file entry_31.pdb (PDB, C-alpha atoms, pLDDT in the B column)
ATOM      1  CA  MET A   1     -76.553-122.156 -15.955  1.00 78.00           C
ATOM      2  CA  GLU A   2     -72.961-121.066 -16.084  1.00 93.00           C
ATOM      3  CA  LYS A   3     -71.028-119.681 -13.143  1.00 94.00           C
ATOM      4  CA  GLN A   4     -69.904-116.078 -13.362  1.00 96.00           C
ATOM      5  CA  GLU A   5     -68.773-113.279 -11.084  1.00 96.00           C
ATOM      6  CA  TYR A   6     -71.526-111.491  -9.164  1.00 97.00           C
ATOM      7  CA  THR A   7     -71.395-108.457  -6.895  1.00 96.00           C
ATOM      8  CA  ILE A   8     -73.837-108.702  -3.997  1.00 97.00           C
ATOM      9  CA  THR A   9     -74.750-105.433  -2.276  1.00 95.00           C
ATOM     10  CA  LEU A  10     -76.358-105.607   1.158  1.00 94.00           C
ATOM     11  CA  TYR A  11     -77.825-102.767   3.193  1.00 92.00           C
ATOM     12  CA  THR A  12     -77.890-103.586   6.888  1.00 93.00           C
ATOM     13  CA  GLU A  13     -78.213-102.080  10.310  1.00 91.00           C
ATOM     14  CA  ASN A  14     -74.821-101.542  11.915  1.00 87.00           C
ATOM     15  CA  SER A  15     -74.852-104.304  14.513  1.00 88.00           C
ATOM     16  CA  ILE A  16     -72.240-106.454  16.190  1.00 89.00           C
ATOM     17  CA  GLY A  17     -71.725-109.879  14.635  1.00 90.00           C
ATOM     18  CA  MET A  18     -73.273-109.019  11.275  1.00 91.00           C
ATOM     19  CA  ILE A  19     -70.179-110.020   9.264  1.00 92.00           C
ATOM     20  CA  GLY A  20     -70.081-113.374  11.060  1.00 93.00           C
ATOM     21  CA  ARG A  21     -73.737-114.143  10.417  1.00 92.00           C
ATOM     22  CA  ILE A  22     -73.497-113.213   6.755  1.00 93.00           C
ATOM     23  CA  SER A  23     -70.275-115.164   6.174  1.00 93.00           C
ATOM     24  CA  THR A  24     -71.869-118.200   7.863  1.00 94.00           C
ATOM     25  CA  ILE A  25     -74.632-118.183   5.223  1.00 94.00           C
ATOM     26  CA  PHE A  26     -71.935-118.459   2.535  1.00 96.00           C
ATOM     27  CA  SER A  27     -69.927-121.082   4.467  1.00 95.00           C
ATOM     28  CA  ARG A  28     -72.913-123.376   4.952  1.00 94.00           C
ATOM     29  CA  ARG A  29     -73.449-123.404   1.192  1.00 94.00           C
ATOM     30  CA  LYS A  30     -69.722-123.874   0.529  1.00 95.00           C
ATOM     31  CA  ILE A  31     -69.558-120.627  -1.443  1.00 96.00           C
ATOM     32  CA  ASN A  32     -66.201-118.859  -1.419  1.00 96.00           C
ATOM     33  CA  ILE A  33     -66.254-115.094  -0.873  1.00 96.00           C
ATOM     34  CA  GLU A  34     -63.760-113.594  -3.325  1.00 95.00           C
ATOM     35  CA  SER A  35     -63.969-110.088  -1.854  1.00 95.00           C
ATOM     36  CA  LEU A  36     -65.794-108.473   1.096  1.00 96.00           C
ATOM     37  CA  ASN A  37     -66.035-104.787   1.895  1.00 95.00           C
ATOM     38  CA  THR A  38     -68.155-103.004   4.497  1.00 94.00           C
ATOM     39  CA  SER A  39     -68.671 -99.288   4.879  1.00 93.00           C
ATOM     40  CA  PRO A  40     -71.260 -96.741   5.936  1.00 92.00           C
ATOM     41  CA  SER A  41     -73.825 -96.056   3.204  1.00 88.00           C
ATOM     42  CA  GLU A  42     -75.450 -92.840   2.014  1.00 85.00           C
ATOM     43  CA  ALA A  43     -78.223 -93.368   4.608  1.00 83.00           C
ATOM     44  CA  GLU A  44     -77.335 -92.549   8.196  1.00 84.00           C
ATOM     45  CA  GLY A  45     -77.079 -95.610  10.443  1.00 86.00           C
ATOM     46  CA  ILE A  46     -77.163 -98.024   7.475  1.00 89.00           C
ATOM     47  CA  HIS A  47     -74.090-100.032   6.444  1.00 92.00           C
ATOM     48  CA  ARG A  48     -73.313-101.382   3.015  1.00 93.00           C
ATOM     49  CA  PHE A  49     -71.661-104.736   2.325  1.00 95.00           C
ATOM     50  CA  THR A  50     -70.121-105.375  -1.084  1.00 96.00           C
ATOM     51  CA  ILE A  51     -69.448-109.083  -1.631  1.00 97.00           C
ATOM     52  CA  VAL A  52     -67.983-110.733  -4.728  1.00 97.00           C
ATOM     53  CA  ILE A  53     -68.624-114.409  -5.476  1.00 97.00           C
ATOM     54  CA  HIS A  54     -68.354-116.726  -8.469  1.00 97.00           C
ATOM     55  CA  GLU A  55     -71.642-118.646  -8.834  1.00 97.00           C
ATOM     56  CA  THR A  56     -74.691-119.291 -11.018  1.00 96.00           C
ATOM     57  CA  GLU A  57     -77.510-116.739 -11.075  1.00 96.00           C
ATOM     58  CA  ASP A  58     -79.962-119.213  -9.538  1.00 96.00           C
ATOM     59  CA  VAL A  59     -77.694-119.826  -6.539  1.00 96.00           C
ATOM     60  CA  VAL A  60     -77.060-116.080  -6.111  1.00 96.00           C
ATOM     61  CA  ARG A  61     -80.799-115.288  -6.242  1.00 95.00           C
ATOM     62  CA  LYS A  62     -81.565-117.883  -3.547  1.00 95.00           C
ATOM     63  CA  LEU A  63     -78.626-116.696  -1.476  1.00 95.00           C
ATOM     64  CA  CYS A  64     -79.869-113.076  -1.521  1.00 95.00           C
ATOM     65  CA  ARG A  65     -83.351-114.208  -0.430  1.00 94.00           C
ATOM     66  CA  GLN A  66     -81.787-116.164   2.444  1.00 93.00           C
ATOM     67  CA  ILE A  67     -79.637-113.192   3.492  1.00 94.00           C
ATOM     68  CA  GLU A  68     -82.684-110.888   3.483  1.00 92.00           C
ATOM     69  CA  LYS A  69     -84.273-113.135   6.117  1.00 91.00           C
ATOM     70  CA  GLN A  70     -81.729-111.825   8.625  1.00 86.00           C
ATOM     71  CA  VAL A  71     -83.485-109.292  10.840  1.00 83.00           C
ATOM     72  CA  GLU A  72     -80.837-106.582  10.441  1.00 90.00           C
ATOM     73  CA  VAL A  73     -80.607-106.909   6.627  1.00 92.00           C
ATOM     74  CA  LEU A  74     -82.787-104.310   4.931  1.00 91.00           C
ATOM     75  CA  LYS A  75     -82.145-105.237   1.287  1.00 91.00           C
ATOM     76  CA  ALA A  76     -79.897-107.480  -0.816  1.00 93.00           C
ATOM     77  CA  TYR A  77     -79.113-106.877  -4.495  1.00 93.00           C
ATOM     78  CA  TYR A  78     -77.001-108.914  -6.912  1.00 95.00           C
ATOM     79  CA  ASN A  79     -75.459-107.710 -10.159  1.00 94.00           C
ATOM     80  CA  THR A  80     -73.093-108.842 -12.880  1.00 95.00           C
ATOM     81  CA  ASN A  81     -69.899-106.878 -13.574  1.00 93.00           C
ATOM     82  CA  ASP A  82     -71.628-105.155 -16.517  1.00 94.00           C
ATOM     83  CA  GLU A  83     -74.304-103.754 -14.180  1.00 94.00           C
ATOM     84  CA  VAL A  84     -71.919-102.099 -11.700  1.00 94.00           C
ATOM     85  CA  ILE A  85     -69.122 -99.564 -11.714  1.00 93.00           C
ATOM     86  CA  TRP A  86     -66.374-101.057  -9.603  1.00 94.00           C
ATOM     87  CA  GLN A  87     -62.807-100.551  -8.512  1.00 95.00           C
ATOM     88  CA  GLU A  88     -60.205-102.059  -6.236  1.00 95.00           C
ATOM     89  CA  GLN A  89     -57.344-100.145  -4.669  1.00 96.00           C
ATOM     90  CA  ALA A  90     -53.768-101.366  -4.278  1.00 96.00           C
ATOM     91  CA  LEU A  91     -50.612-100.270  -2.485  1.00 96.00           C
ATOM     92  CA  TYR A  92     -47.135-101.213  -3.747  1.00 96.00           C
ATOM     93  CA  LYS A  93     -43.871-100.835  -1.828  1.00 96.00           C
ATOM     94  CA  VAL A  94     -40.781-100.737  -4.037  1.00 94.00           C
ATOM     95  CA  PRO A  95     -37.143 -99.771  -3.332  1.00 93.00           C
ATOM     96  CA  THR A  96     -36.697 -96.025  -3.917  1.00 92.00           C
ATOM     97  CA  GLU A  97     -33.380 -96.534  -5.727  1.00 91.00           C
ATOM     98  CA  ILE A  98     -35.147 -98.700  -8.345  1.00 88.00           C
ATOM     99  CA  VAL A  99     -37.746 -95.973  -8.972  1.00 86.00           C
ATOM    100  CA  THR A 100     -35.190 -93.171  -9.251  1.00 85.00           C
ATOM    101  CA  GLN A 101     -32.639 -95.078 -11.337  1.00 84.00           C
ATOM    102  CA  LYS A 102     -34.833 -97.062 -13.737  1.00 80.00           C
ATOM    103  CA  ALA A 103     -36.962 -95.097 -16.204  1.00 82.00           C
ATOM    104  CA  PRO A 104     -39.091 -98.138 -17.186  1.00 85.00           C
ATOM    105  CA  VAL A 105     -40.434 -98.355 -13.609  1.00 86.00           C
ATOM    106  CA  GLU A 106     -41.467 -94.710 -13.629  1.00 84.00           C
ATOM    107  CA  ARG A 107     -43.182 -95.145 -17.034  1.00 88.00           C
ATOM    108  CA  LEU A 108     -44.894 -98.293 -15.792  1.00 89.00           C
ATOM    109  CA  LEU A 109     -46.268 -96.524 -12.713  1.00 88.00           C
ATOM    110  CA  ARG A 110     -47.493 -93.610 -14.852  1.00 90.00           C
ATOM    111  CA  GLN A 111     -49.111 -96.017 -17.336  1.00 92.00           C
ATOM    112  CA  TYR A 112     -51.212 -97.542 -14.526  1.00 92.00           C
ATOM    113  CA  GLY A 113     -52.032 -94.177 -12.927  1.00 92.00           C
ATOM    114  CA  ALA A 114     -50.081 -94.930  -9.751  1.00 93.00           C
ATOM    115  CA  SER A 115     -49.195 -92.053  -7.452  1.00 92.00           C
ATOM    116  CA  ALA A 116     -46.682 -91.853  -4.629  1.00 92.00           C
ATOM    117  CA  VAL A 117     -48.110 -92.002  -1.113  1.00 94.00           C
ATOM    118  CA  VAL A 118     -44.859 -92.196   0.882  1.00 95.00           C
ATOM    119  CA  ILE A 119     -41.309 -91.558  -0.320  1.00 93.00           C
ATOM    120  CA  ARG A 120     -38.430 -92.601   1.959  1.00 94.00           C
ATOM    121  CA  ASN A 121     -34.754 -93.248   1.342  1.00 93.00           C
ATOM    122  CA  ASP A 122     -35.199 -97.024   1.486  1.00 94.00           C
ATOM    123  CA  TYR A 123     -38.637 -97.453  -0.159  1.00 95.00           C
ATOM    124  CA  THR A 124     -41.521 -95.693  -1.905  1.00 94.00           C
ATOM    125  CA  VAL A 125     -45.184 -96.625  -1.579  1.00 95.00           C
ATOM    126  CA  PHE A 126     -47.463 -96.134  -4.569  1.00 95.00           C
ATOM    127  CA  GLU A 127     -51.234 -96.450  -4.753  1.00 96.00           C
ATOM    128  CA  THR A 128     -53.493 -97.105  -7.694  1.00 95.00           C
ATOM    129  CA  ALA A 129     -57.111 -98.030  -8.333  1.00 95.00           C
ATOM    130  CA  GLY A 130     -58.556-100.140 -11.102  1.00 94.00           C
ATOM    131  CA  HIS A 131     -59.959-103.512 -12.023  1.00 94.00           C
ATOM    132  CA  ARG A 132     -58.387-106.699 -10.693  1.00 92.00           C
ATOM    133  CA  GLU A 133     -56.722-107.488 -14.030  1.00 94.00           C
ATOM    134  CA  GLU A 134     -54.984-104.086 -14.123  1.00 94.00           C
ATOM    135  CA  ILE A 135     -53.775-104.418 -10.542  1.00 94.00           C
ATOM    136  CA  ASP A 136     -52.547-107.968 -11.180  1.00 95.00           C
ATOM    137  CA  ALA A 137     -50.680-106.820 -14.319  1.00 94.00           C
ATOM    138  CA  LEU A 138     -48.914-104.009 -12.433  1.00 94.00           C
ATOM    139  CA  THR A 139     -48.055-106.378  -9.576  1.00 94.00           C
ATOM    140  CA  GLU A 140     -46.541-108.865 -12.007  1.00 94.00           C
ATOM    141  CA  ALA A 141     -44.546-106.122 -13.755  1.00 92.00           C
ATOM    142  CA  LEU A 142     -43.243-104.661 -10.471  1.00 92.00           C
ATOM    143  CA  ALA A 143     -42.142-108.124  -9.273  1.00 92.00           C
ATOM    144  CA  GLU A 144     -39.277-107.821 -11.787  1.00 90.00           C
ATOM    145  CA  TYR A 145     -38.134-104.658  -9.969  1.00 91.00           C
ATOM    146  CA  ASN A 146     -37.818-106.025  -6.413  1.00 92.00           C
ATOM    147  CA  LEU A 147     -41.394-105.423  -5.267  1.00 93.00           C
ATOM    148  CA  ILE A 148     -41.134-105.442  -1.449  1.00 95.00           C
ATOM    149  CA  GLU A 149     -44.784-105.563  -0.479  1.00 96.00           C
ATOM    150  CA  PHE A 150     -48.228-105.469  -2.064  1.00 95.00           C
ATOM    151  CA  VAL A 151     -51.786-105.248  -0.719  1.00 96.00           C
ATOM    152  CA  ARG A 152     -55.121-104.963  -2.517  1.00 94.00           C
ATOM    153  CA  SER A 153     -58.419-103.764  -1.078  1.00 94.00           C
ATOM    154  CA  ALA A 154     -61.769-105.432  -1.477  1.00 94.00           C
ATOM    155  CA  ARG A 155     -64.042-104.359  -4.314  1.00 93.00           C
ATOM    156  CA  ILE A 156     -66.145-101.243  -3.977  1.00 93.00           C
ATOM    157  CA  ALA A 157     -69.046-100.924  -6.394  1.00 92.00           C
ATOM    158  CA  ILE A 158     -71.970 -98.722  -7.334  1.00 89.00           C
ATOM    159  CA  ILE A 159     -74.960-100.130  -9.207  1.00 89.00           C
ATOM    160  CA  LYS A 160     -75.308 -98.312 -12.558  1.00 89.00           C
ATOM    161  CA  ASP A 161     -79.116 -98.247 -12.766  1.00 84.00           C
ATOM    162  CA  SER A 162     -79.837 -97.425  -9.126  1.00 76.00           C
ATOM    163  CA  GLU A 163     -81.088 -94.214  -7.595  1.00 73.00           C
ATOM    164  CA  GLY A 164     -79.563 -95.242  -4.290  1.00 68.00           C
ATOM    165  CA  PHE A 165     -80.928 -97.019  -1.283  1.00 68.00           C
ATOM    166  CA  HIS A 166     -81.450 -93.740   0.597  1.00 63.00           C
ATOM    167  CA  LYS A 167     -84.195 -92.652  -1.833  1.00 66.00           C
ATOM    168  CA  LYS A 168     -86.028 -95.985  -1.441  1.00 66.00           C
ATOM    169  CA  LEU A 169     -85.741 -95.729   2.328  1.00 65.00           C
ATOM    170  CA  LYS A 170     -87.231 -92.204   2.314  1.00 66.00           C
ATOM    171  CA  GLU A 171     -90.104 -93.324   0.045  1.00 68.00           C
ATOM    172  CA  PHE A 172     -90.834 -96.214   2.418  1.00 63.00           C
ATOM    173  CA  GLU A 173     -90.841 -93.878   5.437  1.00 64.00           C
ATOM    174  CA  GLU A 174     -93.277 -91.530   3.677  1.00 69.00           C
ATOM    175  CA  ALA A 175     -95.578 -94.392   2.671  1.00 69.00           C
ATOM    176  CA  GLU A 176     -95.490 -96.073   6.082  1.00 66.00           C
ATOM    177  CA  PRO A 177     -94.468 -93.559   8.741  1.00 62.00           C
ATOM    178  CA  ALA A 178     -93.315 -94.964  12.051  1.00 59.00           C
ATOM    179  CA  ALA A 179     -95.780 -94.827  14.894  1.00 62.00           C
ATOM    180  CA  GLU A 180     -95.237 -91.985  17.327  1.00 65.00           C
ATOM    181  CA  VAL A 181     -93.314 -92.893  20.419  1.00 57.00           C
ATOM    182  CA  VAL A 182     -95.606 -93.083  23.426  1.00 59.00           C
ATOM    183  CA  GLU A 183     -93.979 -92.197  26.698  1.00 64.00           C
ATOM    184  CA  ASN A 184     -94.534 -94.567  29.585  1.00 62.00           C
ATOM    185  CA  ARG A 185     -96.460 -92.497  32.145  1.00 64.00           C
ATOM    186  CA  TYR A 186     -95.131 -94.652  34.976  1.00 59.00           C
ATOM    187  CA  LEU A 187     -91.465 -94.337  34.030  1.00 60.00           C
ATOM    188  CA  ASP A 188     -90.617 -91.490  36.416  1.00 65.00           C
ATOM    189  CA  LYS A 189     -92.837 -92.822  39.210  1.00 65.00           C
ATOM    190  CA  GLN A 190     -91.128 -96.127  39.809  1.00 60.00           C
ATOM    191  CA  ASP A 191     -90.821 -95.677  43.611  1.00 64.00           C
ATOM    192  CA  LYS A 192     -94.559 -95.061  43.944  1.00 65.00           C
ATOM    193  CA  VAL A 193     -95.723 -97.796  41.566  1.00 58.00           C
ATOM    194  CA  PHE A 194     -93.336-100.625  42.439  1.00 56.00           C
ATOM    195  CA  THR A 195     -93.466-100.820  46.185  1.00 57.00           C
ATOM    196  CA  MET A 196     -93.533-103.888  48.368  1.00 55.00           C
TER     197      MET A 196
END

call {"tool": "encode", "arguments": {"input": "entry_31.pdb", "output": "structure tokens"}}
result
Amino acid sequence: MEKQEYTITLYTENSIGMIGRISTIFSRRKINIESLNTSPSEAEGIHRFTIVIHETEDVVRKLCRQIEKQVEVLKAYYNTNDEVIWQEQALYKVPTEIVTQKAPVERLLRQYGASAVVIRNDYTVFETAGHREEIDALTEALAEYNLIEFVRSARIAIIKDSEGFHKKLKEFEEAEPAAEVVENRYLDKQDKVFTM
């Protein structure tokens, strides 16, 4: 099997130390994480991890099964780039005088769909979203025009053929409703019950 880029999507409870435990699973297997993003998901109280790695499908399948063994992990999916819609965001800081005096820079920024976020006398910050190759190409082009600073976000992705995790969670709750909470009848009588 040939290595390729995979996007792993995890749905987890929002608990302390989750990033550390998940990254340890990758570290133990000597798998490099190319990109890692966490955010709230469409389901309240559930967080979504988007992780990009370069591996074989067999390794990725086993890795997802191992990750799902974590108590707080509800579900792990893996997909190729063709199976997801994905973007990365980037910020570029360039000298304002270069932008105002050089028409090629302005055309370049328009070509890549960049828009100004902050304009100051000494610098202008632009943002754009796209695939890694597009962001890398714009970064390389802006390097010729005194690029001051650059930062790229982690990948965010949506699975094309998915109805969302929230729907699956609701179906599960309907099929297996949680047991009703039973109040402890001794809870408010602790002085009378626990006496010495």

call {"tool": "closest_residue", "arguments": {"input": "entry_31.pdb", "among": "A:Glu144, A:Ile158, A:Lys30, A:Arg61", "to": "Thr9 (chain A)", "atoms": "only C-alpha atoms"}}
result
A:Ile158

call {"tool": "resolve_selection", "arguments": {"input": "entry_31.pdb", "expression": "the PyMOL selection byres ((chain A and resi 149-154) around 7)", "output": "MDAnalysis selection string"}}
result
chainID A and resid 35:37 88:93 147:148 155:156

call {"tool": "closest_residue", "arguments": {"input": "entry_31.pdb", "among": "A:Ser15, A:Gln111, A:Tyr123, A:Asp82", "to": "Val99 (chain A)", "atoms": "only C-alpha atoms"}}
result
A:Tyr123

call {"tool": "atom_distance", "arguments": {"input": "entry_31.pdb", "atom1": "CA of Tyr145 (chain A)", "atom2": "CA of Asp122 (chain A)"}}
result
14.1 Å

call {"tool": "resolve_selection", "arguments": {"input": "entry_31.pdb", "expression": "the PyMOL selection byres ((chain A and resi 106-109) around 12)", "output": "JSON, numbers by chain"}}
result
{"A": [91, 92, 93, 94, 96, 97, 98, 99, 100, 101, 102, 103, 104, 105, 110, 111, 112, 113, 114, 115, 116, 124, 125, 126, 127, 128, 129, 134, 135, 137, 138, 139, 140, 141, 142, 144, 145]}

call {"tool": "closest_residue", "arguments": {"input": "entry_31.pdb", "among": "A:Ala143, A:Ala157, A:Tyr78, A:Thr12", "to": "Pro40 (chain A)", "atoms": "only C-alpha atoms"}}
result
A:Thr12

call {"tool": "closest_residue", "arguments": {"input": "entry_31.pdb", "among": "A:Glu42, A:Glu133, A:Cys64, A:Lys69", "to": "Glu163 (chain A)", "atoms": "only C-alpha atoms"}}
result
A:Glu42

call {"tool": "atom_distance", "arguments": {"input": "entry_31.pdb", "atom1": "CA of Leu74 (chain A)", "atom2": "CA of Arg48 (chain A)"}}
result
10.1 Å

call {"tool": "atom_distance", "arguments": {"input": "entry_31.pdb", "atom1": "CA of Trp86 (chain A)", "atom2": "CA of His131 (chain A)"}}
result
7.3 Å

call {"tool": "residues_near_point", "arguments": {"input": "entry_31.pdb", "point": "(-79.8, -111.5, -10.3)", "cutoff": "9 Å", "atoms": "only C-alpha atoms", "output": "PyMOL selection string"}}
result
chain A and resi 6+57-58+60-61+64+77-80

call {"tool": "axis_aligned_box", "arguments": {"input": "entry_31.pdb", "around": "region 36-40 of chain A", "padding_each_side": "3 Å", "output": "JSON"}}
result
{"center_x": -68.5, "center_y": -102.6, "center_z": 3.5, "size_x": 11.5, "size_y": 17.7, "size_z": 10.8}

call {"tool": "resolve_selection", "arguments": {"input": "entry_31.pdb", "expression": "the PyMOL selection byres ((chain A and resi 75) around 12)", "output": "JSON, numbers by chain"}}
result
{"A": [8, 9, 10, 11, 12, 13, 46, 47, 48, 49, 64, 65, 66, 67, 68, 69, 70, 71, 72, 73, 74, 76, 77, 78, 164, 165, 166, 168, 169]}

call {"tool": "closest_residue", "arguments": {"input": "entry_31.pdb", "among": "A:Asn146, A:Gln4, A:Asn81, A:Ser27", "to": "Leu63 (chain A)", "atoms": "all atoms listed in the file"}}
result
A:Ser27

call {"tool": "closest_residue", "arguments": {"input": "entry_31.pdb", "among": "A:Ile119, A:Asn14, A:Val59, A:Lys160", "to": "Glu44 (chain A)", "atoms": "all atoms listed in the file"}}
result
A:Asn14

call {"tool": "decode", "arguments": {"input": "entry_31.pdb", "residues": "region 137-152 of chain A", "atoms": "N, CA and C atoms", "output": "mmCIF file, in the first residue's frame"}}
result
data_model
loop_
_atom_site.group_PDB
_atom_site.id
_atom_site.type_symbol
_atom_site.label_atom_id
_atom_site.label_comp_id
_atom_site.auth_asym_id
_atom_site.auth_seq_id
_atom_site.Cartn_x
_atom_site.Cartn_y
_atom_site.Cartn_z
ATOM 1 N N ALA A 137 2.016 28.984 -2.814
ATOM 2 C CA ALA A 137 2.335 29.759 -4.026
ATOM 3 C C ALA A 137 2.276 31.257 -3.740
ATOM 4 N N LEU A 138 1.251 31.702 -3.002
ATOM 5 C CA LEU A 138 1.144 33.124 -2.669
ATOM 6 C C LEU A 138 2.273 33.539 -1.730
ATOM 7 N N THR A 139 2.627 32.682 -0.798
ATOM 8 C CA THR A 139 3.726 32.982 0.128
ATOM 9 C C THR A 139 5.031 33.154 -0.641
ATOM 10 N N GLU A 140 5.278 32.251 -1.565
ATOM 11 C CA GLU A 140 6.499 32.328 -2.376
ATOM 12 C C GLU A 140 6.519 33.604 -3.211
ATOM 13 N N ALA A 141 5.379 33.962 -3.797
ATOM 14 C CA ALA A 141 5.303 35.170 -4.623
ATOM 15 C C ALA A 141 5.498 36.432 -3.781
ATOM 16 N N LEU A 142 4.907 36.460 -2.575
ATOM 17 C CA LEU A 142 5.027 37.649 -1.726
ATOM 18 C C LEU A 142 6.428 37.791 -1.122
ATOM 19 N N ALA A 143 7.181 36.709 -1.058
ATOM 20 C CA ALA A 143 8.555 36.772 -0.532
ATOM 21 C C ALA A 143 9.405 37.727 -1.362
ATOM 22 N N GLU A 144 9.088 37.853 -2.648
ATOM 23 C CA GLU A 144 9.812 38.776 -3.536
ATOM 24 C C GLU A 144 9.484 40.235 -3.223
ATOM 25 N N TYR A 145 8.415 40.466 -2.466
ATOM 26 C CA TYR A 145 7.973 41.830 -2.156
ATOM 27 C C TYR A 145 8.095 42.134 -0.666
ATOM 28 N N ASN A 146 9.156 41.660 -0.054
ATOM 29 C CA ASN A 146 9.462 41.955 1.363
ATOM 30 C C ASN A 146 8.388 41.463 2.327
ATOM 31 N N LEU A 147 7.939 40.252 2.159
ATOM 32 C CA LEU A 147 6.983 39.649 3.096
ATOM 33 C C LEU A 147 7.578 39.728 4.506
ATOM 34 N N ILE A 148 6.853 40.352 5.427
ATOM 35 C CA ILE A 148 7.351 40.547 6.797
ATOM 36 C C ILE A 148 7.055 39.331 7.659
ATOM 37 N N GLU A 149 5.826 38.843 7.556
ATOM 38 C CA GLU A 149 5.412 37.736 8.416
ATOM 39 C C GLU A 149 4.324 36.929 7.721
ATOM 40 N N PHE A 150 4.267 35.645 8.067
ATOM 41 C CA PHE A 150 3.281 34.743 7.477
ATOM 42 C C PHE A 150 2.892 33.699 8.519
ATOM 43 N N VAL A 151 1.606 33.358 8.571
ATOM 44 C CA VAL A 151 1.136 32.269 9.425
ATOM 45 C C VAL A 151 -0.021 31.562 8.719
ATOM 46 N N ARG A 152 -0.041 30.239 8.860
ATOM 47 C CA ARG A 152 -1.100 29.433 8.244
ATOM 48 C C ARG A 152 -1.813 28.652 9.341
#
